[in-house]
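Undergrad: This is the content of target.cif (mmCIF, C-alpha atoms):
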data_entry
loop_
_atom_site.group_PDB
_atom_site.id
_atom_site.type_symbol
_atom_site.label_atom_id
_atom_site.label_comp_id
_atom_site.auth_asym_id
_atom_site.auth_seq_id
_atom_site.Cartn_x
_atom_site.Cartn_y
_atom_site.Cartn_z
ATOM 1 C CA MET A 1 46.681 58.914 120.092
ATOM 2 C CA ALA A 2 49.211 58.158 122.858
ATOM 3 C CA GLN A 3 47.264 54.933 123.404
ATOM 4 C CA ILE A 4 47.841 53.644 119.881
ATOM 5 C CA LYS A 5 51.225 51.988 119.583
ATOM 6 C CA THR A 6 50.497 48.903 117.494
ATOM 7 C CA ILE A 7 48.342 48.619 114.378
ATOM 8 C CA GLY A 8 46.934 45.356 113.065
ATOM 9 C CA ILE A 9 46.286 44.839 109.356
ATOM 10 C CA LEU A 10 44.172 42.202 107.629
ATOM 11 C CA THR A 11 42.552 41.440 104.290
ATOM 12 C CA SER A 12 39.094 39.933 104.248
ATOM 13 C CA GLY A 13 36.476 38.668 101.808
ATOM 14 C CA GLY A 14 37.248 38.279 98.117
ATOM 15 C CA ASP A 15 40.782 39.068 97.004
ATOM 16 C CA ALA A 16 41.394 42.006 94.682
ATOM 17 C CA PRO A 17 44.445 43.117 92.668
ATOM 18 C CA GLY A 18 46.182 45.910 94.547
ATOM 19 C CA MET A 19 45.629 44.508 98.028
ATOM 20 C CA ASN A 20 49.358 43.829 98.334
ATOM 21 C CA ALA A 21 50.167 47.399 97.359
ATOM 22 C CA ALA A 22 47.804 48.517 100.137
ATOM 23 C CA ILE A 23 49.429 46.147 102.666
ATOM 24 C CA ARG A 24 52.828 47.555 101.707
ATOM 25 C CA ALA A 25 51.656 51.156 102.038
ATOM 26 C CA VAL A 26 49.957 50.614 105.410
ATOM 27 C CA THR A 27 52.958 48.749 106.817
ATOM 28 C CA ARG A 28 55.611 51.217 105.707
ATOM 29 C CA SER A 29 53.561 54.317 106.514
ATOM 30 C CA ALA A 30 52.848 52.951 109.989
ATOM 31 C CA ILE A 31 56.509 52.152 110.655
ATOM 32 C CA PHE A 32 57.517 55.566 109.293
ATOM 33 C CA SER A 33 55.108 57.139 111.798
ATOM 34 C CA GLY A 34 56.507 55.182 114.736
ATOM 35 C CA PHE A 35 53.921 52.403 115.046
ATOM 36 C CA LYS A 36 54.469 48.669 115.308
ATOM 37 C CA VAL A 37 52.615 46.590 112.730
ATOM 38 C CA LYS A 38 51.033 43.194 113.355
ATOM 39 C CA ALA A 39 50.007 41.256 110.247
ATOM 40 C CA ILE A 40 46.885 39.137 110.688
ATOM 41 C CA TYR A 41 46.658 36.196 108.294
ATOM 42 C CA ARG A 42 43.388 34.875 106.814
ATOM 43 C CA GLY A 43 41.250 37.832 107.754
ATOM 44 C CA TYR A 44 38.897 37.735 110.719
ATOM 45 C CA ARG A 45 39.442 33.996 111.010
ATOM 46 C CA GLY A 46 43.123 34.591 111.700
ATOM 47 C CA LEU A 47 42.194 37.198 114.284
ATOM 48 C CA ILE A 48 40.190 34.517 116.105
ATOM 49 C CA THR A 49 42.725 31.672 115.672
ATOM 50 C CA ASP A 50 45.765 33.848 116.454
ATOM 51 C CA GLU A 51 47.573 33.770 113.092
ATOM 52 C CA ILE A 52 49.489 36.979 113.767
ATOM 53 C CA ILE A 53 53.124 38.024 113.276
ATOM 54 C CA GLU A 54 54.952 41.336 113.483
ATOM 55 C CA PHE A 55 55.773 42.928 110.124
ATOM 56 C CA LYS A 56 58.910 44.908 109.400
ATOM 57 C CA THR A 57 59.673 46.898 106.262
ATOM 58 C CA GLN A 58 61.300 43.896 104.575
ATOM 59 C CA ASN A 59 58.141 41.790 104.973
ATOM 60 C CA VAL A 60 56.449 43.897 102.298
ATOM 61 C CA SER A 61 59.349 44.172 99.865
ATOM 62 C CA ASN A 62 58.712 43.184 96.235
ATOM 63 C CA ILE A 63 54.938 42.709 96.588
ATOM 64 C CA VAL A 64 53.497 45.838 94.940
ATOM 65 C CA GLN A 65 53.280 44.040 91.582
ATOM 66 C CA GLN A 66 51.682 40.852 92.908
ATOM 67 C CA GLY A 67 47.988 40.034 92.605
ATOM 68 C CA GLY A 68 45.987 38.459 95.417
ATOM 69 C CA THR A 69 47.028 39.088 99.022
ATOM 70 C CA ILE A 70 50.125 37.863 100.868
ATOM 71 C CA LEU A 71 48.057 37.912 104.065
ATOM 72 C CA LYS A 72 45.589 35.424 102.554
ATOM 73 C CA THR A 73 41.874 35.814 103.047
ATOM 74 C CA ALA A 74 39.032 33.656 104.285
ATOM 75 C CA ARG A 75 35.336 33.777 105.029
ATOM 76 C CA CYS A 76 34.624 33.568 108.747
ATOM 77 C CA LYS A 77 31.158 32.678 110.036
ATOM 78 C CA GLU A 78 32.432 32.742 113.614
ATOM 79 C CA PHE A 79 33.113 36.475 113.406
ATOM 80 C CA THR A 80 29.422 37.095 112.710
ATOM 81 C CA THR A 81 28.637 35.864 116.232
ATOM 82 C CA PRO A 82 29.207 37.778 119.510
ATOM 83 C CA GLU A 83 31.252 34.838 120.814
ATOM 84 C CA GLY A 84 33.540 34.916 117.776
ATOM 85 C CA ARG A 85 34.088 38.647 118.039
ATOM 86 C CA GLN A 86 34.897 38.270 121.747
ATOM 87 C CA GLN A 87 37.577 35.720 120.835
ATOM 88 C CA ALA A 88 38.941 38.079 118.190
ATOM 89 C CA TYR A 89 39.119 40.934 120.681
ATOM 90 C CA ASP A 90 40.895 38.775 123.268
ATOM 91 C CA VAL A 91 43.538 37.755 120.701
ATOM 92 C CA MET A 92 43.909 41.357 119.589
ATOM 93 C CA ARG A 93 44.563 42.510 123.156
ATOM 94 C CA LYS A 94 46.989 39.623 123.702
ATOM 95 C CA HIS A 95 49.143 41.001 120.868
ATOM 96 C CA GLY A 96 48.820 44.578 122.079
ATOM 97 C CA ILE A 97 46.989 45.684 118.947
ATOM 98 C CA ASP A 98 45.364 49.059 119.575
ATOM 99 C CA ALA A 99 43.823 49.749 116.142
ATOM 100 C CA LEU A 100 42.990 47.880 112.953
ATOM 101 C CA VAL A 101 43.237 48.542 109.241
ATOM 102 C CA VAL A 102 40.807 46.289 107.372
ATOM 103 C CA ILE A 103 41.089 45.853 103.589
ATOM 104 C CA GLY A 104 38.001 44.364 101.952
ATOM 105 C CA GLY A 105 34.536 44.859 100.527
ATOM 106 C CA ASP A 106 31.133 45.643 102.014
ATOM 107 C CA GLY A 107 30.917 42.451 104.081
ATOM 108 C CA SER A 108 34.369 42.996 105.558
ATOM 109 C CA LEU A 109 33.666 46.627 106.416
ATOM 110 C CA SER A 110 30.247 45.707 107.844
ATOM 111 C CA GLY A 111 32.023 43.308 110.195
ATOM 112 C CA ALA A 112 34.521 46.034 111.067
ATOM 113 C CA ARG A 113 31.691 48.438 111.910
ATOM 114 C CA VAL A 114 30.044 45.984 114.303
ATOM 115 C CA PHE A 115 33.360 45.066 115.936
ATOM 116 C CA ALA A 116 34.363 48.716 116.376
ATOM 117 C CA ASN A 117 31.054 49.574 118.006
ATOM 118 C CA GLU A 118 31.121 46.600 120.379
ATOM 119 C CA TYR A 119 34.672 47.039 121.639
ATOM 120 C CA ASP A 120 35.449 50.701 120.958
ATOM 121 C CA VAL A 121 38.314 49.726 118.654
ATOM 122 C CA PRO A 122 39.647 52.366 116.236
ATOM 123 C CA ILE A 123 39.288 50.830 112.761
ATOM 124 C CA VAL A 124 40.032 52.294 109.347
ATOM 125 C CA GLY A 125 38.822 50.454 106.247
ATOM 126 C CA LEU A 126 40.249 50.350 102.738
ATOM 127 C CA PRO A 127 37.819 49.514 99.897
ATOM 128 C CA GLY A 128 39.339 46.360 98.417
ATOM 129 C CA THR A 129 36.885 44.827 95.935
ATOM 130 C CA ILE A 130 36.681 44.514 92.160
ATOM 131 C CA ASP A 131 32.927 45.259 92.283
ATOM 132 C CA ASN A 132 33.387 49.028 92.863
ATOM 133 C CA ASP A 133 30.167 48.952 94.882
ATOM 134 C CA LEU A 134 31.135 50.834 98.052
ATOM 135 C CA TYR A 135 29.440 54.168 98.570
ATOM 136 C CA GLY A 136 31.604 57.257 98.998
ATOM 137 C CA THR A 137 34.514 56.318 96.751
ATOM 138 C CA ASP A 138 34.780 56.741 92.995
ATOM 139 C CA HIS A 139 37.020 53.694 92.698
ATOM 140 C CA THR A 140 37.776 50.637 94.803
ATOM 141 C CA ILE A 141 41.093 48.798 94.899
ATOM 142 C CA GLY A 142 41.082 46.112 92.192
ATOM 143 C CA TYR A 143 38.309 47.551 90.045
ATOM 144 C CA ASP A 144 40.548 48.998 87.337
ATOM 145 C CA THR A 145 42.520 45.761 86.961
ATOM 146 C CA ALA A 146 39.336 43.692 86.715
ATOM 147 C CA LEU A 147 37.932 46.099 84.132
ATOM 148 C CA ASN A 148 41.067 45.752 82.018
ATOM 149 C CA THR A 149 40.886 41.961 82.306
ATOM 150 C CA ILE A 150 37.274 42.012 81.098
ATOM 151 C CA MET A 151 38.227 44.212 78.157
ATOM 152 C CA TRP A 152 41.088 41.865 77.235
ATOM 153 C CA CYS A 153 38.768 38.830 77.327
ATOM 154 C CA VAL A 154 35.957 40.466 75.333
ATOM 155 C CA ASP A 155 38.396 41.575 72.635
ATOM 156 C CA ARG A 156 39.256 37.917 72.055
ATOM 157 C CA ILE A 157 35.711 36.636 72.274
ATOM 158 C CA ARG A 158 34.693 39.164 69.626
ATOM 159 C CA ASP A 159 36.948 37.426 67.099
ATOM 160 C CA THR A 160 35.013 34.169 67.375
ATOM 161 C CA ALA A 161 31.635 35.908 67.726
ATOM 162 C CA THR A 162 32.220 37.661 64.421
ATOM 163 C CA SER A 163 33.531 34.544 62.698
ATOM 164 C CA HIS A 164 30.453 32.521 63.618
ATOM 165 C CA GLU A 165 27.807 35.274 63.493
ATOM 166 C CA ARG A 166 26.637 34.677 67.034
ATOM 167 C CA LEU A 167 25.117 36.513 69.967
ATOM 168 C CA PHE A 168 27.419 36.193 72.972
ATOM 169 C CA PHE A 169 26.356 36.770 76.569
ATOM 170 C CA ILE A 170 29.465 37.366 78.686
ATOM 171 C CA GLU A 171 28.876 37.193 82.424
ATOM 172 C CA VAL A 172 31.031 39.354 84.671
ATOM 173 C CA MET A 173 31.242 39.728 88.437
ATOM 174 C CA GLY A 174 29.693 42.491 90.493
ATOM 175 C CA ARG A 175 26.910 40.792 92.460
ATOM 176 C CA ASN A 176 24.215 43.455 92.679
ATOM 177 C CA ALA A 177 26.332 46.190 91.098
ATOM 178 C CA GLY A 178 26.626 46.753 87.361
ATOM 179 C CA PHE A 179 29.819 48.834 87.241
ATOM 180 C CA LEU A 180 31.982 46.102 85.701
ATOM 181 C CA ALA A 181 29.325 45.148 83.158
ATOM 182 C CA LEU A 182 28.484 48.693 82.096
ATOM 183 C CA ASN A 183 31.985 50.135 81.907
ATOM 184 C CA GLY A 184 33.340 46.861 80.532
ATOM 185 C CA ALA A 185 30.794 47.082 77.717
ATOM 186 C CA ILE A 186 31.810 50.643 76.864
ATOM 187 C CA ALA A 187 35.533 49.829 77.009
ATOM 188 C CA SER A 188 35.231 46.745 74.806
ATOM 189 C CA GLY A 189 32.753 48.131 72.297
ATOM 190 C CA ALA A 190 30.041 45.660 73.311
ATOM 191 C CA GLU A 191 26.503 46.234 72.064
ATOM 192 C CA ALA A 192 24.829 46.283 75.467
ATOM 193 C CA ALA A 193 25.091 45.646 79.200
ATOM 194 C CA ILE A 194 22.412 44.030 81.321
ATOM 195 C CA ILE A 195 22.738 45.274 84.892
ATOM 196 C CA PRO A 196 20.729 44.828 88.102
ATOM 197 C CA GLU A 197 20.228 48.555 88.707
ATOM 198 C CA ILE A 198 17.585 48.801 85.974
ATOM 199 C CA SER A 199 16.375 45.192 85.726
ATOM 200 C CA THR A 200 13.385 45.913 87.941
ATOM 201 C CA GLU A 201 12.333 48.836 85.739
ATOM 202 C CA VAL A 202 12.443 47.300 82.266
ATOM 203 C CA ASP A 203 12.784 43.909 80.622
ATOM 204 C CA GLN A 204 16.309 44.557 79.403
ATOM 205 C CA LEU A 205 16.445 41.479 77.177
ATOM 206 C CA ALA A 206 13.201 42.285 75.368
ATOM 207 C CA ASP A 207 14.263 45.893 75.007
ATOM 208 C CA LEU A 208 17.632 44.781 73.685
ATOM 209 C CA ILE A 209 16.217 42.432 71.073
ATOM 210 C CA LYS A 210 13.672 44.995 69.994
ATOM 211 C CA ASN A 211 15.916 48.044 69.761
ATOM 212 C CA GLY A 212 19.483 47.042 70.330
ATOM 213 C CA PHE A 213 20.442 45.096 67.234
ATOM 214 C CA ARG A 214 20.672 46.412 63.707
ATOM 215 C CA LYS A 215 19.967 44.018 60.864
ATOM 216 C CA SER A 216 23.371 44.895 59.451
ATOM 217 C CA LYS A 217 25.073 43.378 62.496
ATOM 218 C CA ASN A 218 25.878 39.718 62.109
ATOM 219 C CA SER A 219 27.208 39.295 65.653
ATOM 220 C CA SER A 220 26.690 40.964 69.007
ATOM 221 C CA ILE A 221 28.237 40.906 72.461
ATOM 222 C CA VAL A 222 26.276 41.653 75.619
ATOM 223 C CA LEU A 223 27.878 41.919 79.063
ATOM 224 C CA VAL A 224 25.730 40.636 81.915
ATOM 225 C CA ALA A 225 26.189 41.282 85.637
ATOM 226 C CA GLU A 226 26.137 37.995 87.556
ATOM 227 C CA SER A 227 23.328 39.139 89.858
ATOM 228 C CA PRO A 228 20.249 36.909 90.207
ATOM 229 C CA ILE A 229 18.264 40.078 89.498
ATOM 230 C CA THR A 230 19.452 39.976 85.879
ATOM 231 C CA GLY A 231 18.987 36.228 85.571
ATOM 232 C CA GLY A 232 22.662 35.790 84.762
ATOM 233 C CA ALA A 233 24.077 34.914 81.364
ATOM 234 C CA MET A 234 22.788 31.324 81.438
ATOM 235 C CA GLY A 235 19.259 32.406 82.310
ATOM 236 C CA LEU A 236 19.219 35.047 79.576
ATOM 237 C CA ALA A 237 20.573 32.599 76.999
ATOM 238 C CA GLU A 238 17.813 30.144 77.844
ATOM 239 C CA ARG A 239 15.250 32.891 77.356
ATOM 240 C CA VAL A 240 16.711 33.719 73.955
ATOM 241 C CA ARG A 241 16.560 30.078 72.854
ATOM 242 C CA THR A 242 12.910 29.914 73.920
ATOM 243 C CA GLU A 243 11.616 33.364 72.959
ATOM 244 C CA TYR A 244 13.943 34.334 70.085
ATOM 245 C CA PRO A 245 15.042 31.031 68.481
ATOM 246 C CA ASN A 246 16.396 32.745 65.354
ATOM 247 C CA TYR A 247 19.452 33.885 67.340
ATOM 248 C CA ASP A 248 22.477 31.586 67.670
ATOM 249 C CA VAL A 249 23.441 32.302 71.271
ATOM 250 C CA ARG A 250 26.536 31.403 73.286
ATOM 251 C CA VAL A 251 27.600 32.069 76.892
ATOM 252 C CA THR A 252 30.986 32.802 78.436
ATOM 253 C CA ILE A 253 31.331 33.198 82.206
ATOM 254 C CA LEU A 254 34.592 34.960 83.043
ATOM 255 C CA GLY A 255 34.435 34.060 86.731
ATOM 256 C CA HIS A 256 37.590 34.303 88.808
ATOM 257 C CA LEU A 257 39.714 35.366 85.849
ATOM 258 C CA GLN A 258 38.572 38.862 86.792
ATOM 259 C CA ARG A 259 40.159 38.738 90.249
ATOM 260 C CA GLY A 260 43.609 37.591 89.222
ATOM 261 C CA GLY A 261 46.655 39.154 87.676
ATOM 262 C CA SER A 262 49.153 41.875 88.404
ATOM 263 C CA PRO A 263 47.422 45.150 89.356
ATOM 264 C CA THR A 264 47.399 48.024 86.896
ATOM 265 C CA ALA A 265 49.328 51.221 87.579
ATOM 266 C CA GLN A 266 46.069 52.910 88.575
ATOM 267 C CA ASP A 267 45.288 50.247 91.187
ATOM 268 C CA ARG A 268 48.839 50.305 92.556
ATOM 269 C CA ILE A 269 48.734 54.080 92.946
ATOM 270 C CA LEU A 270 45.229 54.082 94.426
ATOM 271 C CA ALA A 271 46.103 51.339 96.925
ATOM 272 C CA SER A 272 49.323 53.103 97.908
ATOM 273 C CA ARG A 273 47.567 56.435 98.457
ATOM 274 C CA MET A 274 44.772 54.808 100.452
ATOM 275 C CA GLY A 275 47.177 52.757 102.564
ATOM 276 C CA ALA A 276 49.172 55.832 103.514
ATOM 277 C CA ALA A 277 45.935 57.743 104.165
ATOM 278 C CA ALA A 278 44.768 55.033 106.584
ATOM 279 C CA ILE A 279 47.705 55.821 108.853
ATOM 280 C CA ASP A 280 47.081 59.558 108.459
ATOM 281 C CA ALA A 281 43.482 58.958 109.536
ATOM 282 C CA LEU A 282 44.588 57.186 112.729
ATOM 283 C CA LEU A 283 47.098 59.947 113.452
ATOM 284 C CA GLU A 284 44.255 62.451 113.128
ATOM 285 C CA GLY A 285 42.126 60.504 115.586
ATOM 286 C CA GLN A 286 39.702 59.188 112.967
ATOM 287 C CA ARG A 287 37.905 55.909 113.615
ATOM 288 C CA ASN A 288 35.240 53.785 111.981
ATOM 289 C CA VAL A 289 35.832 55.338 108.557
ATOM 290 C CA MET A 290 36.638 54.016 105.109
ATOM 291 C CA ILE A 291 39.280 55.732 103.020
ATOM 292 C CA GLY A 292 37.653 56.894 99.791
ATOM 293 C CA ASP A 293 38.647 58.520 96.524
ATOM 294 C CA SER A 294 36.411 61.387 95.381
ATOM 295 C CA ASN A 295 37.412 63.474 92.370
ATOM 296 C CA ASP A 296 40.984 62.251 92.883
ATOM 297 C CA GLU A 297 40.992 63.498 96.484
ATOM 298 C CA ILE A 298 41.275 61.302 99.580
ATOM 299 C CA VAL A 299 38.144 61.438 101.745
ATOM 300 C CA TYR A 300 36.975 59.763 104.964
ATOM 301 C CA VAL A 301 33.649 57.955 104.646
ATOM 302 C CA PRO A 302 31.861 56.742 107.808
ATOM 303 C CA PHE A 303 31.271 52.985 107.790
ATOM 304 C CA THR A 304 27.547 53.617 108.154
ATOM 305 C CA LYS A 305 27.508 55.354 104.772
ATOM 306 C CA ALA A 306 30.019 53.128 102.990
ATOM 307 C CA VAL A 307 28.195 49.857 103.653
ATOM 308 C CA ARG A 308 24.569 50.910 104.043
ATOM 309 C CA LYS A 309 24.070 53.234 101.088
ATOM 310 C CA ASN A 310 23.746 51.943 97.540
ATOM 311 C CA LYS A 311 26.263 53.388 95.129
ATOM 312 C CA PRO A 312 24.380 54.707 92.083
ATOM 313 C CA ILE A 313 25.177 54.029 88.451
ATOM 314 C CA ASP A 314 25.805 57.131 86.338
ATOM 315 C CA PRO A 315 22.820 57.192 83.939
ATOM 316 C CA SER A 316 24.860 59.106 81.363
ATOM 317 C CA LEU A 317 27.011 56.004 80.897
ATOM 318 C CA LEU A 318 23.922 53.993 79.936
ATOM 319 C CA GLU A 319 23.039 56.648 77.388
ATOM 320 C CA THR A 320 26.584 56.645 76.033
ATOM 321 C CA LEU A 321 26.499 52.866 75.561
ATOM 322 C CA ARG A 322 23.104 53.059 73.863
ATOM 323 C CA ARG A 323 24.298 55.685 71.409
ATOM 324 C CA LEU A 324 27.516 53.889 70.551
ATOM 325 C CA SER A 325 25.865 50.505 69.954
ATOM 326 C CA ILE A 326 23.831 51.504 66.881
#
Turn the structure described in the file into structure tokens.

TA:
Amino acid sequence: MAQIKTIGILTSGGDAPGMNAAIRAVTRSAIFSGFKVKAIYRGYRGLITDEIIEFKTQNVSNIVQQGGTILKTARCKEFTTPEGRQQAYDVMRKHGIDALVVIGGDGSLSGARVFANEYDVPIVGLPGTIDNDLYGTDHTIGYDTALNTIMWCVDRIRDTATSHERLFFIEVMGRNAGFLALNGAIASGAEAAIIPEISTEVDQLADLIKNGFRKSKNSSIVLVAESPITGGAMGLAERVRTEYPNYDVRVTILGHLQRGGSPTAQDRILASRMGAAAIDALLEGQRNVMIGDSNDEIVYVPFTKAVRKNKPIDPSLLETLRRLSI
């Protein structure tokens, strides 16, 4: 630990509400523990192009309530190459950065794992993604805010769905993970969720039409994970028009609405706890781990588990949704 004097921090991949709270917590916890903090702008790209400044306590004042990330974020193809990672390491050494805290999703932490192995750099990851798809943590930073945004949107769509007696497919983010769709459906009182985790087992649309709608219901709302495995909301709507033409179907794609907005109290607290825990992990000599939340306790999850294992859906939630949609 005597070798670590300066910690670099970056945000990478898609932005998520609560990232700023995490940046604040990492910065202030590091300074409190005697470290210098170097802020790296625009993720791994900024690490390659040398967009780095020193952060003091005042640099992270008044940001806990802000959505997005003050450090900006960017995709970086160069970092996927050995040459790009060599450049990143050279810049890191130039600034005297001895360890990194990386805030991002599975792609960001996968890049961190490769970089750490190649150059023996101590790296701690924070799970910053609205998808909630990282293994080893009950919740990711940004997930709760996105879930509340989905609920808010569906509540308003229901008004027009009921007025016009329509079937609405509402597409939410999540890629190949159905956490937002499933829990968003339960929270908003939707009739069903179509998620990638079970799309290969059953024809969810056929099953839904056959069993999921009572004749007494004159409107229905179905949340759909954006994954190509599900066909997406547009693909499902086209199937309905072809196979079940008696339904008046409409589509709403929430898109980047889900990523924006001020983080909820839960996301601010989670991000703050995880940010402080990242510094604790480095003080304890941990490396190549993601900070996780398990049963409201902070845990250290090896990168190999966090990014390589699929996080399972709780089947009891599917049963709950099925029961409540009658």

Undergrad: For each of A:Lys5, A:His95, A:Arg239, A:Arg24, take the minimum atom-to-atom distance to Leu47 of chain A, counting all atoms listed in the file, then give the residue where this is smallest.

TA: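 Smallest separation from Leu47 of chain A among the options: A:His95.
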
Undergrad: Which polymer residues have any atom within 8 Å of an atom of Val91 of chain A, counting all atoms listed in the file, with same-chain residues fewer than 5 positions away left out, as a ChimeraX atom specification?

TA: /A:47-50

Undergrad: Evaluate the PyMOL selection byres ((chain A and resi 70) around 12) against this structure - the residues, as a VMD selection string, please.

TA: chain A and resid 9 to 12 15 to 24 39 to 43 55 59 to 69 71 to 73

Undergrad: Please determine, counting only C-alpha atoms, which residue among A:Lys94, A:His139, A:Arg322, A:Lys309 has the shortest atom-to-atom distance to Leu270 of chain A.

TA: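 Under the stated criterion, the closest residue is A:His139.
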
Undergrad: Have a look at atom CA of Leu126 of chain A and atom CA of Met290 of chain A and let me know their distance in Å, one decimal.

TA: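 Computing it gives 5.7 Å between the two atoms.
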
Undergrad: Atom CA of Ile52 of chain A to atom CA of Lys38 of chain A: how many Å, to one decimal?

TA: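 Here the two named atoms are 6.4 Å from each other.
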